[in-house]
Amino acid sequence: MTLQPLTPVNCAGLLQPGCSLLQLDGELLLFGQKGWPKRSCPTGIFSIRFKSGEMKLRPIAFSNDSCYLPPLRCPAVCRLDPYDGLPESYVIHGGRTPNNEISSSLYVLSVDSRGCNRKLTLRCKEKELVGEVPSARYGHTLNVVQSRGKTAYVLFGGRSYMPGVERTTENWNSVVDCPPQVFLFELEFGCVSAYSLPELHEGQSFHLSIAREDCIYFIGGHSITSDSRPPRLCRLKIELLQGSPLLTCQAFDNGVSISSAIITRTGHLHKYIVLGGYKSDSQKRMECSEVTLDEKGIHFEALEAPKWTADISHSRTWFGGSAGEGKALLAVPTEGKGSQSETHCLYQVSFQTQDDADGKEQDAIQGCSQESTDFDDSPPLEDSEELYFGREPHELEDSSDEVSDKYNEDDEEDESQTGYWIKCCLGCQIDPNTWEPYYSTELHRPAMIFCSRGEEGHWVHAQCMELSENLLLKLSQGSMKYFCQDHGGLPHQEETPPRHNLSIRRTPVKVKLRRTPHTINMTPATKSFCKRLFHD
């Protein structure tokens, strides 16, 4: 076994306790980054590459029909190996968002496609649960069991905020253990059933769970009620009968006092290695254990731990995840090292022997004899060598050199001053680290509207202007101008194009039956004769 230090290339700031490491289509993925996704990686999922002692990240894209997946910390993650023609995927439930909201959603993450340039595209779908739906929680576990030709998913443990009726100003952010219920559901229709077992009488979170066929083993965990990590070991057996499932639980005496540990699977199907975690609030668990599941039950065997460095031995906290078969990624904070630009020291722990590593490398060479898997340093093809057959337009745009796709924190613009994250007005409350979609049309960025005041105008956030969604859609579809609250007088002022009043030419109405007196043309001599005639 080896412990290799890693040098993160402008990406260690994204790692934080509670992040998850996933493995899809041979790629190691980081999920649950620090803060909300930014423009360089709107999905918040990165591909991790280890090479020559360095760790580099590359943004991963989602398909167009994917839903939004927030960066969740401490969710329940369950890997589904490919079976019955279904691809490998991950089921993700719960977790905490960067602004400390707890999720109750269920997501399914799978591979959508790989372009001709080997870029991975994922698909994320949200599944709706019905029935006895589990409450929002984090620090719980999710496993898949198979019995009598059927498949079901088991959710257990976790913690959440106090019930709404019990929350006050003083304990608003206080969390409690969720009731020790076992939730059983199937993925196709999302029907959930809850079960209470007498052997599971106390809530627990941040425990380990390992499944084999129709049995699940719960190991360790932390209890907020007693503020302890009791040495627990329980076996939950689930029989998926024709009518209703049968659940039985058995507690053992040879449990392990551990929480927040890292578990990685070795080459054998049901053999695992457990490392890291905590024995108490002030003591890390420095030992390593090998866990084996067979027909007789579960077996623990002490394993020689790597030679920990001084940074690991003296650090108060540490975290990480499985980086593949027999490998783990370990991170410790750089406490008291303010001169360093990175926030964590990273290590790769490998429990593989040299023979296993050589065998895997040889298998990789034989299995990929016509395709290079190391395309970081592969020279770009000349124009005459490029093949564009059957490639989509977006793949042609993304087929540039690999170096441009590597994530670099220095490349991120200061979005608090430019773009969508500007301070649009005096009362602007949009924070890129805590923002969540407010309108149905928003995905990764806040909706903005243009204020026409002045010669050049300026952009403001629709949420800061307290615009309703109907009014926002109306303003975006029409040609009307908008004045913001600071420049319009009214909160929402619309201005239509000026109306020009045309002069109306009035023609008099001609009356047909009007009688007009007849006029007689007389000479002055005739007028004088008539006067003398009628006056005399």
# chains A, B, ... in the order shown; residues from 1 in each chain; ligands from 1
>>> residues_around(residues="stretch 225-234 of chain A", least_positions_apart="5", cutoff="9 Å", atoms="only C-alpha atoms", output="VMD selection string")
chain A and resid 176 to 177 199 to 200 202 to 204 216 to 220 249 to 259 278 to 281
>>> residues_around(residues="A:Trp435", least_positions_apart="4", cutoff="12 Å", atoms="only C-alpha atoms", output="list in words")
Gly35, Trp36, Pro37, Lys38, Pro70, Thr97, Pro98, Asn99, Asn100, Glu101, Tyr420, Trp421, Gln429, Ile430, Asp431, Tyr439, Glu442, Leu443, His444, Arg445, Pro446, Ala447, His461 and Gln463 of chain A
>>> atom_distance(atom1="atom CA of A:Val77", atom2="atom CA of A:Arg96")
13.2 Å
>>> residues_around(residues="A:Ala328", least_positions_apart="2", cutoff="9 Å", atoms="only C-alpha atoms", output="mmCIF file with all heavy atoms, in the first residue's frame")
data_model
loop_
_atom_site.group_PDB
_atom_site.id
_atom_site.type_symbol
_atom_site.label_atom_id
_atom_site.label_comp_id
_atom_site.auth_asym_id
_atom_site.auth_seq_id
_atom_site.Cartn_x
_atom_site.Cartn_y
_atom_site.Cartn_z
ATOM 1 N N ILE A 262 -14.329 6.304 5.055
ATOM 2 C CA ILE A 262 -14.231 6.068 3.613
ATOM 3 C C ILE A 262 -14.215 4.569 3.382
ATOM 4 O O ILE A 262 -13.488 3.842 4.060
ATOM 5 C CB ILE A 262 -12.953 6.707 3.036
ATOM 6 C CG1 ILE A 262 -12.927 8.216 3.335
ATOM 7 C CG2 ILE A 262 -12.854 6.466 1.541
ATOM 8 C CD1 ILE A 262 -11.614 8.866 2.965
ATOM 9 N N ILE A 263 -15.018 4.110 2.448
ATOM 10 C CA ILE A 263 -15.057 2.689 2.109
ATOM 11 C C ILE A 263 -14.822 2.545 0.612
ATOM 12 O O ILE A 263 -15.393 3.270 -0.200
ATOM 13 C CB ILE A 263 -16.400 2.053 2.535
ATOM 14 C CG1 ILE A 263 -16.374 0.548 2.251
ATOM 15 C CG2 ILE A 263 -17.575 2.739 1.871
ATOM 16 C CD1 ILE A 263 -17.538 -0.194 2.879
ATOM 17 N N THR A 264 -13.927 1.639 0.257
ATOM 18 C CA THR A 264 -13.608 1.388 -1.137
ATOM 19 C C THR A 264 -13.591 -0.113 -1.376
ATOM 20 O O THR A 264 -13.157 -0.883 -0.519
ATOM 21 C CB THR A 264 -12.254 2.012 -1.525
ATOM 22 O OG1 THR A 264 -11.943 1.702 -2.893
ATOM 23 C CG2 THR A 264 -11.135 1.503 -0.635
ATOM 24 N N LEU A 275 -11.250 2.993 5.802
ATOM 25 C CA LEU A 275 -10.195 3.829 6.363
ATOM 26 C C LEU A 275 -10.775 5.194 6.697
ATOM 27 O O LEU A 275 -11.856 5.574 6.238
ATOM 28 C CB LEU A 275 -9.026 3.977 5.389
ATOM 29 C CG LEU A 275 -9.237 4.849 4.151
ATOM 30 C CD1 LEU A 275 -7.901 5.419 3.687
ATOM 31 C CD2 LEU A 275 -9.867 4.072 3.009
ATOM 32 N N GLY A 320 -12.744 12.468 2.420
ATOM 33 C CA GLY A 320 -12.370 11.945 1.112
ATOM 34 C C GLY A 320 -13.408 10.986 0.599
ATOM 35 O O GLY A 320 -14.577 10.991 1.015
ATOM 36 N N GLY A 321 -12.985 10.118 -0.317
ATOM 37 C CA GLY A 321 -13.900 9.167 -0.932
ATOM 38 C C GLY A 321 -13.146 8.124 -1.717
ATOM 39 O O GLY A 321 -11.910 8.183 -1.860
ATOM 40 N N SER A 322 -13.888 7.161 -2.236
ATOM 41 C CA SER A 322 -13.292 6.081 -3.012
ATOM 42 C C SER A 322 -12.894 6.595 -4.392
ATOM 43 O O SER A 322 -13.684 7.230 -5.084
ATOM 44 C CB SER A 322 -14.289 4.924 -3.142
ATOM 45 O OG SER A 322 -13.779 3.919 -4.007
ATOM 46 N N ALA A 323 -11.659 6.311 -4.782
ATOM 47 C CA ALA A 323 -11.134 6.735 -6.076
ATOM 48 C C ALA A 323 -10.950 5.561 -7.025
ATOM 49 O O ALA A 323 -10.156 5.642 -7.954
ATOM 50 C CB ALA A 323 -9.809 7.467 -5.894
ATOM 51 N N GLY A 324 -11.672 4.484 -6.818
ATOM 52 C CA GLY A 324 -11.541 3.302 -7.658
ATOM 53 C C GLY A 324 -11.293 2.079 -6.807
ATOM 54 O O GLY A 324 -11.294 2.143 -5.566
ATOM 55 N N GLU A 325 -11.097 0.960 -7.435
ATOM 56 C CA GLU A 325 -10.887 -0.281 -6.706
ATOM 57 C C GLU A 325 -9.568 -0.227 -5.940
ATOM 58 O O GLU A 325 -8.491 -0.074 -6.521
ATOM 59 C CB GLU A 325 -10.872 -1.460 -7.674
ATOM 60 C CG GLU A 325 -12.233 -1.758 -8.300
ATOM 61 C CD GLU A 325 -12.213 -3.043 -9.082
ATOM 62 O OE1 GLU A 325 -11.134 -3.667 -9.166
ATOM 63 O OE2 GLU A 325 -13.268 -3.430 -9.617
ATOM 64 N N GLY A 326 -9.675 -0.341 -4.608
ATOM 65 C CA GLY A 326 -8.487 -0.340 -3.768
ATOM 66 C C GLY A 326 -7.802 0.995 -3.655
ATOM 67 O O GLY A 326 -6.657 1.062 -3.191
ATOM 68 N N LEU A 330 -7.800 11.289 -0.180
ATOM 69 C CA LEU A 330 -7.840 11.791 1.183
ATOM 70 C C LEU A 330 -7.444 13.256 1.179
ATOM 71 O O LEU A 330 -6.481 13.658 0.506
ATOM 72 C CB LEU A 330 -6.881 10.987 2.063
ATOM 73 C CG LEU A 330 -7.052 11.079 3.575
ATOM 74 C CD1 LEU A 330 -8.412 10.566 3.995
ATOM 75 C CD2 LEU A 330 -5.943 10.290 4.262
ATOM 76 N N TYR A 347 -4.012 13.554 -0.802
ATOM 77 C CA TYR A 347 -3.222 12.325 -0.876
ATOM 78 C C TYR A 347 -4.044 11.257 -1.577
ATOM 79 O O TYR A 347 -5.277 11.190 -1.419
ATOM 80 C CB TYR A 347 -2.821 11.831 0.520
ATOM 81 C CG TYR A 347 -1.971 12.801 1.296
ATOM 82 C CD1 TYR A 347 -2.555 13.768 2.108
ATOM 83 C CD2 TYR A 347 -0.581 12.742 1.225
ATOM 84 C CE1 TYR A 347 -1.783 14.656 2.828
ATOM 85 C CE2 TYR A 347 0.201 13.629 1.954
ATOM 86 C CZ TYR A 347 -0.404 14.587 2.741
ATOM 87 O OH TYR A 347 0.364 15.470 3.446
ATOM 88 N N GLN A 348 -3.351 10.406 -2.308
ATOM 89 C CA GLN A 348 -3.975 9.236 -2.919
ATOM 90 C C GLN A 348 -3.472 7.997 -2.195
ATOM 91 O O GLN A 348 -2.274 7.718 -2.172
ATOM 92 C CB GLN A 348 -3.656 9.142 -4.410
ATOM 93 C CG GLN A 348 -4.395 8.008 -5.106
ATOM 94 C CD GLN A 348 -4.061 7.925 -6.582
ATOM 95 O OE1 GLN A 348 -3.040 8.434 -7.022
ATOM 96 N NE2 GLN A 348 -4.919 7.297 -7.354
ATOM 97 N N VAL A 349 -4.406 7.266 -1.603
ATOM 98 C CA VAL A 349 -4.077 6.051 -0.870
ATOM 99 C C VAL A 349 -4.391 4.865 -1.765
ATOM 100 O O VAL A 349 -5.507 4.763 -2.308
ATOM 101 C CB VAL A 349 -4.867 5.959 0.445
ATOM 102 C CG1 VAL A 349 -4.423 4.744 1.240
ATOM 103 C CG2 VAL A 349 -4.705 7.227 1.265
ATOM 104 N N SER A 350 -3.430 3.977 -1.921
ATOM 105 C CA SER A 350 -3.611 2.802 -2.760
ATOM 106 C C SER A 350 -3.294 1.555 -1.950
ATOM 107 O O SER A 350 -2.225 1.466 -1.311
ATOM 108 C CB SER A 350 -2.700 2.871 -3.998
ATOM 109 O OG SER A 350 -2.829 1.699 -4.775
ATOM 110 N N PHE A 351 -4.230 0.605 -1.957
ATOM 111 C CA PHE A 351 -4.054 -0.666 -1.257
ATOM 112 C C PHE A 351 -3.751 -1.804 -2.222
ATOM 113 O O PHE A 351 -3.782 -2.959 -1.838
ATOM 114 C CB PHE A 351 -5.298 -1.007 -0.447
ATOM 115 C CG PHE A 351 -5.531 -0.077 0.705
ATOM 116 C CD1 PHE A 351 -6.282 1.070 0.537
ATOM 117 C CD2 PHE A 351 -4.973 -0.331 1.944
ATOM 118 C CE1 PHE A 351 -6.499 1.935 1.589
ATOM 119 C CE2 PHE A 351 -5.186 0.533 3.005
ATOM 120 C CZ PHE A 351 -5.950 1.675 2.824
#
>>> atom_distance(atom1="atom CA of A:Ser47", atom2="atom CA of A:Leu22")
9.4 Å
>>> residues_around(residues="A:Trp308", least_positions_apart="6", cutoff="12 Å", atoms="only C-alpha atoms", output="PDB file with N, CA, C and O atoms, in the first residue's frame")
ATOM      1  N   MET A   1       0.843  -1.191   0.000  1.00  0.00           N
ATOM      2  CA  MET A   1       0.000   0.000   0.000  1.00  0.00           C
ATOM      3  C   MET A   1       0.877   1.239   0.000  1.00  0.00           C
ATOM      4  O   MET A   1       2.004   1.220   0.496  1.00  0.00           O
ATOM      5  N   THR A   2       0.371   2.284  -0.626  1.00  0.00           N
ATOM      6  CA  THR A   2       1.150   3.499  -0.797  1.00  0.00           C
ATOM      7  C   THR A   2       0.314   4.710  -0.414  1.00  0.00           C
ATOM      8  O   THR A   2      -0.927   4.684  -0.477  1.00  0.00           O
ATOM      9  N   LEU A   3       1.004   5.769  -0.040  1.00  0.00           N
ATOM     10  CA  LEU A   3       0.384   7.063   0.248  1.00  0.00           C
ATOM     11  C   LEU A   3       1.124   8.099  -0.576  1.00  0.00           C
ATOM     12  O   LEU A   3       2.266   8.436  -0.286  1.00  0.00           O
ATOM     13  N   GLN A   4       0.492   8.608  -1.608  1.00  0.00           N
ATOM     14  CA  GLN A   4       1.138   9.520  -2.538  1.00  0.00           C
ATOM     15  C   GLN A   4       0.557  10.921  -2.406  1.00  0.00           C
ATOM     16  O   GLN A   4      -0.656  11.114  -2.563  1.00  0.00           O
ATOM     17  N   PRO A   5       1.396  11.905  -2.112  1.00  0.00           N
ATOM     18  CA  PRO A   5       0.902  13.290  -2.076  1.00  0.00           C
ATOM     19  C   PRO A   5       0.500  13.747  -3.479  1.00  0.00           C
ATOM     20  O   PRO A   5       1.121  13.377  -4.483  1.00  0.00           O
ATOM     21  N   LEU A 275     -11.250   2.993   5.802  1.00  0.00           N
ATOM     22  CA  LEU A 275     -10.195   3.829   6.363  1.00  0.00           C
ATOM     23  C   LEU A 275     -10.775   5.194   6.697  1.00  0.00           C
ATOM     24  O   LEU A 275     -11.856   5.574   6.238  1.00  0.00           O
ATOM     25  N   GLY A 276     -10.021   5.937   7.505  1.00  0.00           N
ATOM     26  CA  GLY A 276     -10.456   7.276   7.873  1.00  0.00           C
ATOM     27  C   GLY A 276     -11.584   7.243   8.885  1.00  0.00           C
ATOM     28  O   GLY A 276     -11.871   6.243   9.528  1.00  0.00           O
ATOM     29  N   ARG A 285      -9.827   8.049  13.500  1.00  0.00           N
ATOM     30  CA  ARG A 285      -9.562   6.611  13.456  1.00  0.00           C
ATOM     31  C   ARG A 285      -8.432   6.375  12.462  1.00  0.00           C
ATOM     32  O   ARG A 285      -8.637   6.476  11.249  1.00  0.00           O
ATOM     33  N   MET A 286      -7.249   6.101  12.954  1.00  0.00           N
ATOM     34  CA  MET A 286      -6.068   5.952  12.115  1.00  0.00           C
ATOM     35  C   MET A 286      -5.903   4.534  11.584  1.00  0.00           C
ATOM     36  O   MET A 286      -5.036   4.291  10.739  1.00  0.00           O
ATOM     37  N   GLU A 287      -6.715   3.577  12.088  1.00  0.00           N
ATOM     38  CA  GLU A 287      -6.575   2.200  11.644  1.00  0.00           C
ATOM     39  C   GLU A 287      -7.316   1.981  10.320  1.00  0.00           C
ATOM     40  O   GLU A 287      -8.195   2.738   9.925  1.00  0.00           O
ATOM     41  N   CYS A 288      -6.955   0.895   9.666  1.00  0.00           N
ATOM     42  CA  CYS A 288      -7.634   0.454   8.444  1.00  0.00           C
ATOM     43  C   CYS A 288      -8.135  -0.974   8.659  1.00  0.00           C
ATOM     44  O   CYS A 288      -7.495  -1.765   9.365  1.00  0.00           O
ATOM     45  N   HIS A 314      -1.543  15.200  12.552  1.00  0.00           N
ATOM     46  CA  HIS A 314      -1.834  16.311  13.440  1.00  0.00           C
ATOM     47  C   HIS A 314      -3.095  17.080  13.044  1.00  0.00           C
ATOM     48  O   HIS A 314      -3.496  17.995  13.772  1.00  0.00           O
ATOM     49  N   SER A 315      -3.698  16.748  11.949  1.00  0.00           N
ATOM     50  CA  SER A 315      -4.913  17.464  11.539  1.00  0.00           C
ATOM     51  C   SER A 315      -6.088  17.020  12.397  1.00  0.00           C
ATOM     52  O   SER A 315      -6.183  15.868  12.826  1.00  0.00           O
ATOM     53  N   LEU A 330      -7.800  11.289  -0.180  1.00  0.00           N
ATOM     54  CA  LEU A 330      -7.840  11.791   1.183  1.00  0.00           C
ATOM     55  C   LEU A 330      -7.444  13.256   1.179  1.00  0.00           C
ATOM     56  O   LEU A 330      -6.481  13.658   0.506  1.00  0.00           O
ATOM     57  N   VAL A 332      -6.867  16.754   3.814  1.00  0.00           N
ATOM     58  CA  VAL A 332      -6.754  17.334   5.154  1.00  0.00           C
ATOM     59  C   VAL A 332      -6.578  18.832   4.981  1.00  0.00           C
ATOM     60  O   VAL A 332      -5.914  19.291   4.048  1.00  0.00           O
ATOM     61  N   TYR A 347      -4.012  13.554  -0.802  1.00  0.00           N
ATOM     62  CA  TYR A 347      -3.222  12.325  -0.876  1.00  0.00           C
ATOM     63  C   TYR A 347      -4.044  11.257  -1.577  1.00  0.00           C
ATOM     64  O   TYR A 347      -5.277  11.190  -1.419  1.00  0.00           O
ATOM     65  N   GLN A 348      -3.351  10.406  -2.308  1.00  0.00           N
ATOM     66  CA  GLN A 348      -3.975   9.236  -2.919  1.00  0.00           C
ATOM     67  C   GLN A 348      -3.472   7.997  -2.195  1.00  0.00           C
ATOM     68  O   GLN A 348      -2.274   7.718  -2.172  1.00  0.00           O
ATOM     69  N   VAL A 349      -4.406   7.266  -1.603  1.00  0.00           N
ATOM     70  CA  VAL A 349      -4.077   6.051  -0.870  1.00  0.00           C
ATOM     71  C   VAL A 349      -4.391   4.865  -1.765  1.00  0.00           C
ATOM     72  O   VAL A 349      -5.507   4.763  -2.308  1.00  0.00           O
TER      73      VAL A 349
END
>>> atom_distance(atom1="atom CA of A:Gly94", atom2="atom CA of A:Ser160")
10.0 Å
>>> select_by_dssp(residues="stretch 21-204 of chain A", states="strand (DSSP E)", output="VMD selection string")
chain A and resid 21 to 24 27 to 31 45 to 51 54 to 59 61 to 62 76 to 80 89 to 93 106 to 114 120 to 127 130 to 131 141 to 147 150 to 156 159 to 161 175 to 177 181 to 185 191 to 196
>>> residues_around(residues="A:Ala331", least_positions_apart="3", cutoff="8 Å", atoms="only C-alpha atoms", output="VMD selection string")
chain A and resid 318 to 320 344 to 347
>>> select_by_dssp(residues="stretch 283-330 of chain A", states="helix (DSSP H, G or I)", output="list in words")
Ala310, Asp311, Ile312, Ser313 and His314 of chain A
>>> write_last_selection(atoms="N, CA and C atoms", output="compact mmCIF listing (two decimals), in the first residue's frame")
# COMPACT_ATOMS: atom_id res chain seq x y z
N ALA A 310 2.94 13.86 8.70
CA ALA A 310 2.71 14.73 9.86
C ALA A 310 1.44 15.56 9.68
N ASP A 311 1.15 15.98 8.44
CA ASP A 311 -0.07 16.76 8.20
C ASP A 311 -1.31 15.96 8.53
N ILE A 312 -1.31 14.69 8.18
CA ILE A 312 -2.47 13.85 8.45
C ILE A 312 -2.57 13.54 9.94
N SER A 313 -1.43 13.23 10.57
CA SER A 313 -1.46 12.84 11.98
C SER A 313 -1.91 13.97 12.89
N HIS A 314 -1.54 15.20 12.55
CA HIS A 314 -1.83 16.31 13.44
C HIS A 314 -3.10 17.08 13.04
